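Please read the structure below before turning to the comments.
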Amino acid sequence: MWGRLNGFPPAAGRPLRAAVATAALLLAGVLATGCGGGSPATAGEPSQTFDLQVVRASFPHHQSIAKHERLLISVRNTSDKTIPNLAATVDSLNYTPNFPELAASKRPIWAIERGPGQPARPPVETQEVSIPGGGQTAYVNTWALGPLPAKHTETFYWLVVPVKSGAYTVHWAFSAGLAGKAKARLAGGGPAGGHFHVVIAPVPPETHVDPKTGQVVPGPYAGNKAELGR
């Protein structure tokens, strides 16, 4: 069982709370505006605030180009009622370059190979252009996994590949619905969110295939040194 975190680490101070508040406001704005009018996913959403506990939040601090990484956030509904539709927004996965006349202003820092939720079985027609994972929504950088009963835990998982080196801060925030009415907060009253500091190295780590097992393992192949010494 993963250890539970009571909100944020002790080292988190005012800058973190401000960043989390910004991420929460971003989430509320995205969910409130969205694309178009209401839908079955937002119809009848209650105007209520639900308490969440962050059970686990992990994303490696040191990463490198082209090496798969896992972004994982697990939360528990500590309220006495079911959350209508637990949604997570993760920003800063893209950047905006300064080159003029680009067809699209956003470029990825991380390519998302799989998002939260189970892929459709059988695959839907848009599978070739959609990121696998059943938690996708019509909102930018927001995934929803449906109702979460009281005292239950849900895990959001992303499989990503870094494609741009540099130092970045990735903010994340949770909401209890997609219409902006049902909100989420930590039990202490703070925004249900946080951030990761990540440094992406420009060169992938050196690896080799172990001739005995056929597995890809870190480091150079020791046999090369033996051959050079002959």
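Here, A, B, ... name the chains of the structure tokens in the order displayed, residue numbers run from 1 inside each chain, and ligands are numbered from 1 in the same displayed order.
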With only C-alpha atoms as the counted atoms, please give the residues lying no more than 10 Å from Ala184 of chain A, apart from itself and same-chain residues fewer than 6 positions off, as a short mmCIF file (atom, residue, chain, number, x, y, z; two decimals) with C-alpha atoms, in the first residue's frame.
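Result written to selection_7.cif:
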```
data_model
loop_
_atom_site.label_atom_id
_atom_site.label_comp_id
_atom_site.auth_asym_id
_atom_site.auth_seq_id
_atom_site.Cartn_x
_atom_site.Cartn_y
_atom_site.Cartn_z
CA ALA A 24 -6.59 25.20 -9.93
CA GLN A 48 -20.57 21.08 -4.22
CA THR A 49 -16.99 20.81 -2.96
CA PHE A 50 -15.44 17.41 -2.27
CA ASP A 51 -12.39 16.59 -0.15
CA LEU A 52 -9.46 14.69 -1.67
CA GLN A 53 -6.29 13.22 -0.21
CA ASN A 77 -12.12 10.64 -1.95
CA SER A 79 -15.76 12.97 1.46
CA ILE A 83 -17.53 12.51 -6.60
CA LEU A 86 -13.09 12.93 -11.05
CA ALA A 87 -11.01 14.97 -13.51
CA ALA A 173 -4.92 19.99 -10.42
CA PHE A 174 -8.08 17.96 -9.72
CA SER A 175 -11.76 18.77 -10.03
CA ALA A 176 -14.87 16.79 -9.12
CA GLY A 177 -16.61 17.38 -12.47
CA GLY A 190 -6.18 24.00 -0.04
CA PRO A 191 -6.42 23.43 -3.78
CA ALA A 192 -6.28 19.78 -4.85
CA GLY A 193 -3.12 20.04 -6.92
#
```
inquiry  = Please list as a list in words every residue within 8 Å of segment 136-149 of chain A, counting only C-alpha atoms and excluding residues in the same chain fewer than 3 positions away.
reply    = Val30, Leu31, Gly34, Cys35, Asn77, Lys81, Thr82, Ile83, Pro84, Asn85, Leu86, Ala87, Ala88, Thr89, Val90, Asp91, Gly115, Pro116, Gly117, Gly133, His152, Thr153 and Glu154 of chain A
Got a sec: who's within 10 Å of His62 of chain A, counting only C-alpha atoms, leaving out chain neighbours fewer than 6 positions off, as a short mmCIF file (atom, residue, chain, number, x, y, z; two decimals) with N, CA and C atoms, in the first residue's frame?
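Okay, this is what ended up in result.cif:
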```cif
data_model
loop_
_atom_site.label_atom_id
_atom_site.label_comp_id
_atom_site.auth_asym_id
_atom_site.auth_seq_id
_atom_site.Cartn_x
_atom_site.Cartn_y
_atom_site.Cartn_z
N ALA A 167 14.76 22.50 -18.33
CA ALA A 167 14.20 22.44 -16.98
C ALA A 167 12.76 22.97 -17.02
N HIS A 197 9.00 19.38 -10.51
CA HIS A 197 10.15 20.01 -11.16
C HIS A 197 10.91 18.92 -11.91
N VAL A 198 11.15 19.14 -13.19
CA VAL A 198 11.77 18.12 -14.03
C VAL A 198 12.91 18.72 -14.84
N VAL A 199 14.01 17.98 -14.94
CA VAL A 199 15.14 18.37 -15.79
C VAL A 199 15.33 17.26 -16.82
N ILE A 200 15.25 17.63 -18.10
CA ILE A 200 15.38 16.66 -19.19
C ILE A 200 16.74 16.82 -19.85
N ALA A 201 17.55 15.76 -19.81
CA ALA A 201 18.88 15.79 -20.42
C ALA A 201 18.77 15.67 -21.94
#
```
note = Across A:Pro162, A:Pro205, A:Gly223, A:Gly188, the smallest distance to Arg70 of chain A, with only C-alpha atoms counted, is shown by A:Pro162
Using only C-alpha atoms: which of A:His208, A:His195, A:His68, A:His61 has the shortest distance to Ser92 of chain A = A:His195
